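**Q** Shown below is the structure under consideration.
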Amino acid sequence: MNYKITREIIIYSILIIFAIIMIFPFLWMFINSFNTEQNIFKIPPSFIPDKLFKPGMFDNYETVLSQYHFLRYTFNSIFVSFSAAFGQIITCSLAGFAFARMNFKGKNILFGLLLSTMMIPIQVTIIPEFLLMMKLGWLDTYLPLIVPSFLVGSFGTFLLKEFYENVPKDLEDAAVIDGAGPFKLYWSVFLPLGKTPLATLFIIAFMNNWNALLRPILYISSDNLMTLPMALTQFQSQYGARWNLLLTGSFLAVIPLFIVYLFMQRYMVEGITHTGLKG
Amino acid sequence: MPPFSNLRGGFLKKGLKWYRPWHAWVFILPALLGLFVFRLGPIIFAFFMSFTHWDIFSPPDWVGFSNYAEMFSDPTFWTMLKNTFIFSGIYVPSVMVIGLVLAVLVNQKFRGVNTFRAIFFSPVVTSAVAIGLVWGWLLSPKYGLLNNFLQLFNVAGPSWLGDPKWALMSIAFVMTWKMAGYYMILFLAGLQDIPVVLYEASRIDGATPKQTFWHVTLPLLSPTTFFVLIIAIIDSFRNFQIIYTMTRGGPGVSSTTLVYSIYQNAFVFYRMGYASAIAYVLLAIVGGITLANFYLKKRWVKYQS
């Protein structure tokens, strides 16, 4: 019995140490978002921010949101991530359905190609992509941030193909006997059945697009189109020393996604364990 | 076609034929567009670009193998290649070991286990830019918490991101911190696939928890471990965001890796051709690992159920 208790204490202590290491940077962002510029440069660093529970406690938030347009960047991030994730659902559910339930020439080759390009880092394709966006006249619009993520869906197609393959054949036959064509079958039988993998795909695509940096820094130059991560890097290079504002901005960039994650944790974990890929 | 005209063609054996071939193509059209326009097309195009000098503003010049020749004789390129492998060499084992430790710890039934899982996973969902910024502040030489903490033990911490000896290492540390929870989830899935009966059998045989771990858990986990290894290696090449936020590849080129140098050559120096040549080196490495994965999987992994 005694052995069991000591073992438990040891396990809990290790877990708590790891938890502190994982949480601390977030806590540090949060603490410093209530600091003035003077207090943040104190040596040794103070753990109690000087504005906490005092008038002007939310000054940093006000400055960042209004004066530095973070409200606008948040909107941009939501808009871009939502559109791209929505597109993923359309593209991948359509393709997943066809790959799972239909036979056509070149099916295996195409699916193989789709899977084999999954692992290729974006840096390999980004230069021609950039030139294409330039030719299309899409630079400095939302389009290059949305369209490629909308259409490129190896991970999602794989996820949904697997799911749709496991749908019993009887269900398909029953709908067809009732007179359903391929589009009706997709829309009213398969799409409603796949709510869970679609939610998984949506949340993972949303997260990837929310956190994306390379495309925004290449394609966006107007202030009013910047996404949150890009805005943070811009802010960093312009006002590098204003750490209280920079950390407040970082905290704002982290929080929305964190809330989404807390509510949709199950879907995200399921998606990752299913295929081991983020997208 | 009249309805059910194809019923006779083996309704029970093959099921109903409810679509024409063109239907399938309509369904996969968006995905095909994405595949050809944004993945395969650019891969092929980049190959031709790697034989040109091109600054975007003027038309490209065909220069044959000159980019590759320059690359292989440039010591900077070799430094970047070395950095890439050093980074992977630190990142892959650390993230796997920590991921496995975390997975073993949270693969038990106790109060609050889900909270711990959520905490360990939270850096994974967070923007790498935000993480790079806060760690940059924590690691800053004078005002950073880490060096002030080390000061308590009279240790003078280095300038973690400003010292060429430490910059790459610090980046690898931050990336490990960010991604450990992701590998925890992968290992956790593997651990939960191991039948409970085997643990009971080994307990009845009188094995200590340590013996059980080394002789039951670890061997049975080998398919997962192999899969995770491949994922981790490929993941280690995608470290653009943290480098961009924390060091921009510096000081000098001490924390520049292949992905960062592709970005830098293409969009800072406007050397599209040269950057494409580097991109092809990266592609060759990733392709090689994927192929190795494909062939070695059957040989290395013994305990496939």
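How things are named: the first chain in the structure tokens is A, the next is B, and so on; residues count from 1 in each chain; ligands count from 1 in the order shown.
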Could you give me, as JSON lines, every chain B residue with an atom at most 7 Å from chain A, plus its closest atom pair and distance in Å to one decimal, counting only C-alpha atoms, rows ordered by chain then number?

**A**
```
{"residue": "B:Gly15", "atom": "CA", "partner": "A:Asp173", "partner_atom": "CA", "distance": 6.8}
{"residue": "B:Leu16", "atom": "CA", "partner": "A:Asp173", "partner_atom": "CA", "distance": 6.4}
{"residue": "B:Trp18", "atom": "CA", "partner": "A:Gly181", "partner_atom": "CA", "distance": 6.4}
{"residue": "B:Tyr19", "atom": "CA", "partner": "A:Pro182", "partner_atom": "CA", "distance": 6.0}
{"residue": "B:Pro21", "atom": "CA", "partner": "A:Phe104", "partner_atom": "CA", "distance": 5.9}
{"residue": "B:Ala24", "atom": "CA", "partner": "A:Ala98", "partner_atom": "CA", "distance": 5.5}
{"residue": "B:Phe27", "atom": "CA", "partner": "A:Leu94", "partner_atom": "CA", "distance": 5.0}
{"residue": "B:Ile28", "atom": "CA", "partner": "A:Ala95", "partner_atom": "CA", "distance": 4.4}
{"residue": "B:Pro30", "atom": "CA", "partner": "A:Thr91", "partner_atom": "CA", "distance": 5.6}
{"residue": "B:Ala31", "atom": "CA", "partner": "A:Leu151", "partner_atom": "CA", "distance": 5.6}
{"residue": "B:Leu33", "atom": "CA", "partner": "A:Leu151", "partner_atom": "CA", "distance": 6.9}
{"residue": "B:Gly34", "atom": "CA", "partner": "A:Leu151", "partner_atom": "CA", "distance": 4.5}
{"residue": "B:Leu35", "atom": "CA", "partner": "A:Val152", "partner_atom": "CA", "distance": 6.1}
{"residue": "B:Phe38", "atom": "CA", "partner": "A:Pro148", "partner_atom": "CA", "distance": 6.4}
{"residue": "B:Arg39", "atom": "CA", "partner": "A:Thr125", "partner_atom": "CA", "distance": 6.4}
{"residue": "B:Pro42", "atom": "CA", "partner": "A:Thr125", "partner_atom": "CA", "distance": 5.1}
{"residue": "B:Ile43", "atom": "CA", "partner": "A:Thr125", "partner_atom": "CA", "distance": 5.7}
{"residue": "B:Phe45", "atom": "CA", "partner": "A:Pro128", "partner_atom": "CA", "distance": 6.5}
{"residue": "B:Ala46", "atom": "CA", "partner": "A:Pro128", "partner_atom": "CA", "distance": 6.3}
{"residue": "B:Phe116", "atom": "CA", "partner": "A:Ala19", "partner_atom": "CA", "distance": 6.9}
{"residue": "B:Ile119", "atom": "CA", "partner": "A:Ala19", "partner_atom": "CA", "distance": 6.4}
{"residue": "B:Phe120", "atom": "CA", "partner": "A:Met22", "partner_atom": "CA", "distance": 6.2}
{"residue": "B:Val125", "atom": "CA", "partner": "A:Met207", "partner_atom": "CA", "distance": 6.7}
{"residue": "B:Thr126", "atom": "CA", "partner": "A:Val254", "partner_atom": "CA", "distance": 5.7}
{"residue": "B:Ser127", "atom": "CA", "partner": "A:Asn211", "partner_atom": "CA", "distance": 4.7}
{"residue": "B:Ala128", "atom": "CA", "partner": "A:Asn211", "partner_atom": "CA", "distance": 7.0}
{"residue": "B:Val129", "atom": "CA", "partner": "A:Pro229", "partner_atom": "CA", "distance": 5.8}
{"residue": "B:Ala130", "atom": "CA", "partner": "A:Ser250", "partner_atom": "CA", "distance": 4.7}
{"residue": "B:Val134", "atom": "CA", "partner": "A:Pro25", "partner_atom": "CA", "distance": 6.4}
{"residue": "B:Tyr143", "atom": "CA", "partner": "A:Phe41", "partner_atom": "CA", "distance": 6.2}
{"residue": "B:Leu145", "atom": "CA", "partner": "A:Pro45", "partner_atom": "CA", "distance": 6.6}
{"residue": "B:Asn148", "atom": "CA", "partner": "A:Pro44", "partner_atom": "CA", "distance": 6.2}
{"residue": "B:Ile185", "atom": "CA", "partner": "A:Thr273", "partner_atom": "CA", "distance": 6.7}
{"residue": "B:Leu186", "atom": "CA", "partner": "A:Thr273", "partner_atom": "CA", "distance": 5.6}
{"residue": "B:Ala189", "atom": "CA", "partner": "A:Thr273", "partner_atom": "CA", "distance": 6.1}
{"residue": "B:Arg238", "atom": "CA", "partner": "A:Pro121", "partner_atom": "CA", "distance": 6.6}
{"residue": "B:Gln241", "atom": "CA", "partner": "A:Leu213", "partner_atom": "CA", "distance": 6.6}
{"residue": "B:Thr245", "atom": "CA", "partner": "A:Thr233", "partner_atom": "CA", "distance": 6.6}
{"residue": "B:Val259", "atom": "CA", "partner": "A:Gln123", "partner_atom": "CA", "distance": 6.1}
{"residue": "B:Ile262", "atom": "CA", "partner": "A:Gln123", "partner_atom": "CA", "distance": 6.7}
{"residue": "B:Ala279", "atom": "CA", "partner": "A:Val124", "partner_atom": "CA", "distance": 4.9}
{"residue": "B:Leu283", "atom": "CA", "partner": "A:Val124", "partner_atom": "CA", "distance": 6.7}
{"residue": "B:Val286", "atom": "CA", "partner": "A:Ile120", "partner_atom": "CA", "distance": 6.9}
```

**Q** Quote the spacing between atom CA of Leu160 of chain A and atom CA of Pro197 of chain A in Å to one decimal place.

**A**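 About the pair atom CA of Leu160 of chain A and atom CA of Pro197 of chain A: they are 6.6 Å apart.
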
**Q** So that I can check the surroundings of Met133 of chain A, please list as an MDAnalysis selection string every protein, DNA and RNA residue that reaches within 9 Å of it, counting only C-alpha atoms and ignoring chain neighbours fewer than 4 positions away.

**A** chainID A and resid 128:129 137:139 143:144 219

**Q** Please dump the current selection as a PDB file, in the first residue's frame; keep N, CA and C atoms.

**A**
```
ATOM      1  N   PRO A 128       7.050  28.672 -57.248  1.00  0.00           N
ATOM      2  CA  PRO A 128       6.133  28.720 -58.393  1.00  0.00           C
ATOM      3  C   PRO A 128       4.741  29.221 -58.004  1.00  0.00           C
ATOM      4  N   GLU A 129       4.297  28.863 -56.806  1.00  0.00           N
ATOM      5  CA  GLU A 129       2.981  29.334 -56.356  1.00  0.00           C
ATOM      6  C   GLU A 129       2.954  30.856 -56.294  1.00  0.00           C
ATOM      7  N   GLY A 137      -2.609  38.206 -60.524  1.00  0.00           N
ATOM      8  CA  GLY A 137      -2.932  39.499 -59.934  1.00  0.00           C
ATOM      9  C   GLY A 137      -3.591  39.366 -58.568  1.00  0.00           C
ATOM     10  N   TRP A 138      -3.256  38.289 -57.859  1.00  0.00           N
ATOM     11  CA  TRP A 138      -3.885  38.036 -56.563  1.00  0.00           C
ATOM     12  C   TRP A 138      -3.059  38.538 -55.392  1.00  0.00           C
ATOM     13  N   LEU A 139      -1.884  39.119 -55.667  1.00  0.00           N
ATOM     14  CA  LEU A 139      -1.053  39.585 -54.564  1.00  0.00           C
ATOM     15  C   LEU A 139      -1.806  40.653 -53.774  1.00  0.00           C
ATOM     16  N   LEU A 143      -7.215  36.080 -51.453  1.00  0.00           N
ATOM     17  CA  LEU A 143      -7.300  34.869 -52.271  1.00  0.00           C
ATOM     18  C   LEU A 143      -6.127  33.890 -52.115  1.00  0.00           C
ATOM     19  N   PRO A 144      -4.859  34.363 -52.205  1.00  0.00           N
ATOM     20  CA  PRO A 144      -3.773  33.383 -52.085  1.00  0.00           C
ATOM     21  C   PRO A 144      -3.696  32.724 -50.706  1.00  0.00           C
ATOM     22  N   TYR A 219       2.377  37.172 -49.388  1.00  0.00           N
ATOM     23  CA  TYR A 219       1.327  37.679 -50.254  1.00  0.00           C
ATOM     24  C   TYR A 219       0.696  38.977 -49.783  1.00  0.00           C
TER      25      TYR A 219
END
```
